[in-house]
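Below is one structure, written out as C-alpha cells, with a few remarks after it.
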Amino acid sequence: MPWNLFAFNQLVSSTSDRKMATHPIDIYYFPPSAPSRATLLLIKALGIDHNVKITNISQGDQMKPEFLQMNPLHTIPLINDNGFIIYESNAIMKYLVDQYGKDDSLSPKDPKKAAIVDMRLYFCACHLFPKFRQYYIPTMFQSKPPSSEALRELEEVLTIADGYLKDQPWFAGHQMTVADFAIVSFVATIDAAGGVDLAAYPEILQWYQRARSSMAGFGYDEVIRHGAAIFAEAYKNKLNSI
Ligand SMILES: N[C@@H](CCC(=O)N[C@@H](CS)C(=O)NCC(=O)O)C(=O)O
C-alpha cells in the first residue's frame, strides 16, 4: 500500500516533549489506523511521555515474532508501559486515564457514568469499527468496488450514533470522555475518505466540530486529521484504479 507518511515524521520527532509518566511508554502505531490514532491523541491529551513505534501493518510488521509475543491477535495499537503490555485501543485508553489522568473526567469512576462510557466504547469496537472496516477495507486491500450493502450497514450505525447525540453534546453525556476520542477517529476517516454523506447526520456533524475544537490543543490535526488524510489518499487511489 503506497502510504504517504512524509509529514508524519514531524510528529514522531516531536512526541517526547510532554512529560507525565516516569518513563516514556511505547505505542505501536500506524497513522492510517483509526484506533491507533485515537489512542495516540489521548496519550498526547494526557501529556504522557511516549515513544511512537511505527508498525507498518501493510508490510506485516504486526506478524513479526517479537510483536506476536506481545499481541497474538496481531493488532495495533498496543502500548508497553515499562513492561506492562496492553492492546485493544479502548482498554488502553481506559487504562491510561485511570493510571495517568489528572482526574477521572475522561473516564468517570461513578459506576453508572462508567457504564455509559463503556457502552459507547463497545458501540465503537463492536459496531462502528466492523461496519467501517466492512465498507472500506475490501476496496483498500482487495481492490473490490464498494458494496452498497456495506454502505447501508455503515449508514445504519451512523444513524444510531446520531441518535445518541440528540440530547447531549458528547457520546457518553455532558462531558467529553474517552468514547469521543475513540469515535472521532473513525468519523474523521469517513469524512476524509468519502463514500458516506456525513451531512445526513446533523448531530454527528455538530459533535464533530465540537470534538475537533476541544481536541485541537492536544494535536488533533497532526494525529487524527493527518492519519485520516493518509488513509483517504490510499483509499481514493485504490478506488480510482478499480
Ligand atoms: N479492536 C481493536 C482493533 C485493532 C485493529 O483491528 N487494528 C488493525 C488496524 S486498524 C490492525 O492492527 N490490523 C492488522 C492485523 O489485524 O493483522 C482495537 O480497537 O485496538
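Residues are referred to by chain and number: the chain letter is A, B, ... according to the order shown in the C-alpha cells, the number counts from 1 in that chain, and ligands are numbered separately from 1 in the order shown.
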Chain A residues near ligand 1 within 9 Å, closest pair each, using only C-alpha atoms and all ligand atoms, as a tab-separated table:
residue	atom	partner	partner_atom_place_in_ligand_line	distance
A:Tyr29	CA	ligand 1	12 (O)	8.7
A:Phe30	CA	ligand 1	9 (C)	7.8
A:Pro32	CA	ligand 1	10 (S)	7.4
A:Ser33	CA	ligand 1	10 (S)	4.0
A:Ala34	CA	ligand 1	10 (S)	5.6
A:Pro35	CA	ligand 1	19 (O)	5.2
A:Ser36	CA	ligand 1	10 (S)	6.8
A:Thr39	CA	ligand 1	20 (O)	8.8
A:Thr55	CA	ligand 1	12 (O)	8.8
A:Asn56	CA	ligand 1	14 (C)	9.0
A:Ile57	CA	ligand 1	14 (C)	5.5
A:Ser58	CA	ligand 1	14 (C)	8.0
A:Gly60	CA	ligand 1	17 (O)	7.4
A:Asp61	CA	ligand 1	17 (O)	8.7
A:Gln62	CA	ligand 1	17 (O)	6.0
A:Met63	CA	ligand 1	17 (O)	6.9
A:Leu73	CA	ligand 1	16 (O)	6.9
A:His74	CA	ligand 1	17 (O)	4.9
A:Thr75	CA	ligand 1	12 (O)	3.2
A:Ile76	CA	ligand 1	12 (O)	3.9
A:Pro77	CA	ligand 1	20 (O)	5.4
A:Leu78	CA	ligand 1	20 (O)	7.4
A:Tyr87	CA	ligand 1	20 (O)	6.1
A:Glu88	CA	ligand 1	20 (O)	3.4
A:Ser89	CA	ligand 1	20 (O)	3.8
A:Asn90	CA	ligand 1	19 (O)	5.8
A:Ala91	CA	ligand 1	19 (O)	8.1
A:Ile92	CA	ligand 1	20 (O)	8.2
A:Cys124	CA	ligand 1	19 (O)	8.4
A:Ala125	CA	ligand 1	1 (N)	5.5
A:Cys126	CA	ligand 1	1 (N)	7.9
A:Phe129	CA	ligand 1	1 (N)	7.7
A:Pro130	CA	ligand 1	6 (O)	9.0
A:Arg133	CA	ligand 1	10 (S)	8.4
A:Ala182	CA	ligand 1	19 (O)	8.4
Item to complete: From a DSSP calculation on the backbone, collect every residue of segment 29-230 of chain A in helix (DSSP H, G or I) and output the set as a PyMOL selection string.
Response: chain A and resi 34-45+61-63+65-70+89-100+111-142+148-164+178-193+198-200+202-218+220-230
How about saving the chosen residues, C-alpha atoms kept, as a compact mmCIF listing (two decimals), in the first residue's frame?
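Done, and the output landed in again.txt:
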# COMPACT_ATOMS: atom_id res chain seq x y z
CA ALA A 34 -8.11 4.80 13.29
CA PRO A 35 -7.91 3.08 16.69
CA SER A 36 -4.17 3.78 16.79
CA ARG A 37 -4.79 7.46 16.19
CA ALA A 38 -7.48 7.68 18.88
CA THR A 39 -5.03 6.16 21.35
CA LEU A 40 -2.13 8.41 20.40
CA LEU A 41 -4.31 11.51 20.63
CA LEU A 42 -5.40 10.50 24.13
CA ILE A 43 -1.77 9.92 25.13
CA LYS A 44 -0.99 13.44 23.96
CA ALA A 45 -4.09 14.84 25.68
CA ASP A 61 5.26 -5.73 10.97
CA GLN A 62 2.47 -6.98 13.24
CA MET A 63 3.22 -10.59 12.20
CA PRO A 65 7.57 -12.90 16.21
CA GLU A 66 8.53 -10.08 18.59
CA PHE A 67 5.17 -8.37 18.00
CA LEU A 68 3.16 -11.61 18.17
CA GLN A 69 4.78 -12.32 21.50
CA MET A 70 3.21 -9.11 22.81
CA SER A 89 -7.50 0.60 21.91
CA ASN A 90 -10.46 1.03 24.23
CA ALA A 91 -8.82 -0.96 27.01
CA ILE A 92 -5.63 1.04 26.51
CA MET A 93 -7.46 4.34 26.68
CA LYS A 94 -9.30 3.47 29.87
CA TYR A 95 -6.07 2.26 31.45
CA LEU A 96 -4.22 5.44 30.52
CA VAL A 97 -6.86 7.71 32.04
CA ASP A 98 -7.05 5.59 35.19
CA GLN A 99 -3.29 5.47 35.52
CA TYR A 100 -2.25 8.93 34.36
CA PRO A 111 -20.50 3.14 38.09
CA LYS A 112 -23.44 4.42 36.07
CA LYS A 113 -21.42 7.05 34.20
CA ALA A 114 -18.68 4.48 33.64
CA ALA A 115 -21.22 2.03 32.23
CA ILE A 116 -22.41 4.62 29.70
CA VAL A 117 -18.82 5.26 28.62
CA ASP A 118 -18.24 1.51 28.28
CA MET A 119 -21.44 1.14 26.28
CA ARG A 120 -20.21 3.74 23.80
CA LEU A 121 -16.74 2.19 23.62
CA TYR A 122 -18.33 -1.17 22.86
CA PHE A 123 -20.52 0.55 20.30
CA CYS A 124 -17.35 1.79 18.65
CA ALA A 125 -15.50 -1.53 18.87
CA CYS A 126 -18.39 -3.87 18.07
CA HIS A 127 -20.49 -1.84 15.63
CA LEU A 128 -18.83 1.26 14.19
CA PHE A 129 -15.40 -0.29 13.58
CA PRO A 130 -16.71 -3.53 11.98
CA LYS A 131 -19.07 -1.61 9.68
CA PHE A 132 -16.35 0.89 8.81
CA ARG A 133 -13.95 -1.97 8.02
CA GLN A 134 -16.56 -3.86 6.03
CA TYR A 135 -17.13 -0.84 3.80
CA TYR A 136 -13.60 0.49 3.22
CA ILE A 137 -11.16 -2.37 3.65
CA PRO A 138 -12.23 -4.72 0.78
CA THR A 139 -11.62 -1.81 -1.61
CA MET A 140 -8.35 -0.85 0.01
CA PHE A 141 -6.80 -4.30 0.23
CA GLN A 142 -8.71 -6.50 -2.21
CA SER A 148 -23.90 -0.91 -1.37
CA GLU A 149 -24.95 -3.34 1.36
CA ALA A 150 -21.86 -2.47 3.42
CA LEU A 151 -22.65 1.20 2.89
CA ARG A 152 -26.20 0.69 4.09
CA GLU A 153 -24.95 -1.04 7.23
CA LEU A 154 -22.40 1.69 7.95
CA GLU A 155 -25.09 4.33 7.47
CA GLU A 156 -27.37 2.44 9.85
CA VAL A 157 -24.71 2.55 12.57
CA LEU A 158 -24.12 6.27 11.93
CA THR A 159 -27.85 6.93 12.24
CA ILE A 160 -27.77 5.26 15.64
CA ALA A 161 -24.72 7.33 16.61
CA ASP A 162 -26.55 10.47 15.51
CA GLY A 163 -29.42 9.49 17.82
CA TYR A 164 -27.05 9.15 20.79
CA VAL A 178 -12.58 8.51 26.00
CA ALA A 179 -15.60 7.43 23.93
CA ASP A 180 -15.36 10.68 21.98
CA PHE A 181 -11.68 10.05 21.32
CA ALA A 182 -12.48 6.55 20.06
CA ILE A 183 -15.30 7.62 17.78
CA VAL A 184 -13.85 10.85 16.37
CA SER A 185 -11.00 8.97 14.73
CA PHE A 186 -13.47 6.91 12.68
CA VAL A 187 -15.68 9.88 11.81
CA ALA A 188 -12.64 11.86 10.67
CA THR A 189 -11.55 8.95 8.49
CA ILE A 190 -15.00 8.65 6.93
CA ASP A 191 -15.02 12.42 6.40
CA ALA A 192 -11.66 12.27 4.61
CA ALA A 193 -12.23 9.08 2.61
CA LEU A 198 -21.97 13.00 6.72
CA ALA A 199 -24.42 15.84 6.07
CA ALA A 200 -27.14 13.24 6.69
CA PRO A 202 -26.57 16.70 11.76
CA GLU A 203 -25.90 15.76 15.37
CA ILE A 204 -22.69 13.98 14.42
CA LEU A 205 -21.60 16.99 12.40
CA GLN A 206 -22.12 19.36 15.34
CA TRP A 207 -20.33 16.96 17.72
CA TYR A 208 -17.51 16.51 15.20
CA GLN A 209 -16.95 20.27 15.15
CA ARG A 210 -17.09 20.39 18.97
CA ALA A 211 -14.64 17.49 19.26
CA ARG A 212 -12.20 19.00 16.78
CA SER A 213 -12.08 22.31 18.64
CA SER A 214 -11.88 20.68 22.06
CA MET A 215 -9.10 18.35 20.94
CA ALA A 216 -7.18 20.87 18.82
CA GLY A 217 -4.74 21.67 21.61
CA PHE A 218 -3.81 18.00 22.01
CA TYR A 220 -5.82 16.69 16.72
CA ASP A 221 -4.64 17.84 13.31
CA GLU A 222 -1.23 16.14 13.43
CA VAL A 223 -2.67 12.86 14.67
CA ILE A 224 -6.28 12.42 13.59
CA ARG A 225 -6.62 14.64 10.55
CA HIS A 226 -3.23 13.77 9.15
CA GLY A 227 -3.65 10.00 9.56
CA ALA A 228 -7.16 10.18 8.13
CA ALA A 229 -5.75 12.00 5.10
CA ILE A 230 -3.18 9.25 4.59
Worksheet item: Separation of atom CA of Pro145 of chain A and atom CA of Phe231 of chain A, in Å?
Response: 16.6 Å
Worksheet item: Got a sec to tell me which of segment 34-149 of chain A DSSP assigns to strand (DSSP E or B), as a ChimeraX atom specification?
Response: /A:50-54,78-81,84-87
Could the residues in this selection be written to a file with C-alpha atoms, as an mmCIF file, in the first residue's frame?
data_model
loop_
_atom_site.group_PDB
_atom_site.id
_atom_site.type_symbol
_atom_site.label_atom_id
_atom_site.label_comp_id
_atom_site.auth_asym_id
_atom_site.auth_seq_id
_atom_site.Cartn_x
_atom_site.Cartn_y
_atom_site.Cartn_z
ATOM 1 C CA HIS A 50 5.892 8.406 24.902
ATOM 2 C CA ASN A 51 7.789 6.850 22.038
ATOM 3 C CA VAL A 52 5.969 6.116 18.788
ATOM 4 C CA LYS A 53 6.950 2.733 17.372
ATOM 5 C CA ILE A 54 5.801 2.742 13.775
ATOM 6 C CA LEU A 78 -0.502 -1.665 21.568
ATOM 7 C CA ILE A 79 1.271 0.043 24.440
ATOM 8 C CA ASN A 80 4.192 -1.085 26.521
ATOM 9 C CA ASP A 81 4.177 0.850 29.760
ATOM 10 C CA PHE A 84 3.053 -3.668 31.181
ATOM 11 C CA ILE A 85 1.619 -4.543 27.771
ATOM 12 C CA ILE A 86 -1.932 -3.730 26.732
ATOM 13 C CA TYR A 87 -3.660 -3.936 23.367
#
Fill in: Given only C-alpha atoms as the counted atoms, nearest of A:Gly83, A:Gln175, A:Ala232, A:Pro108 to Pro31 of chain A
A:Ala232
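Of the listed residues (A:Gln59, A:Gln168, A:Lys144, A:Thr177), A:Thr177 comes nearest to Lys109 of chain A; the distances count only C-alpha atoms.
Distance-wise, atom CA of Gly173 of chain A and atom CA of Ser107 of chain A end up 11.6 Å apart.
Going from atom CA of Lys64 of chain A to atom CA of Asn237 of chain A covers 28.0 Å.
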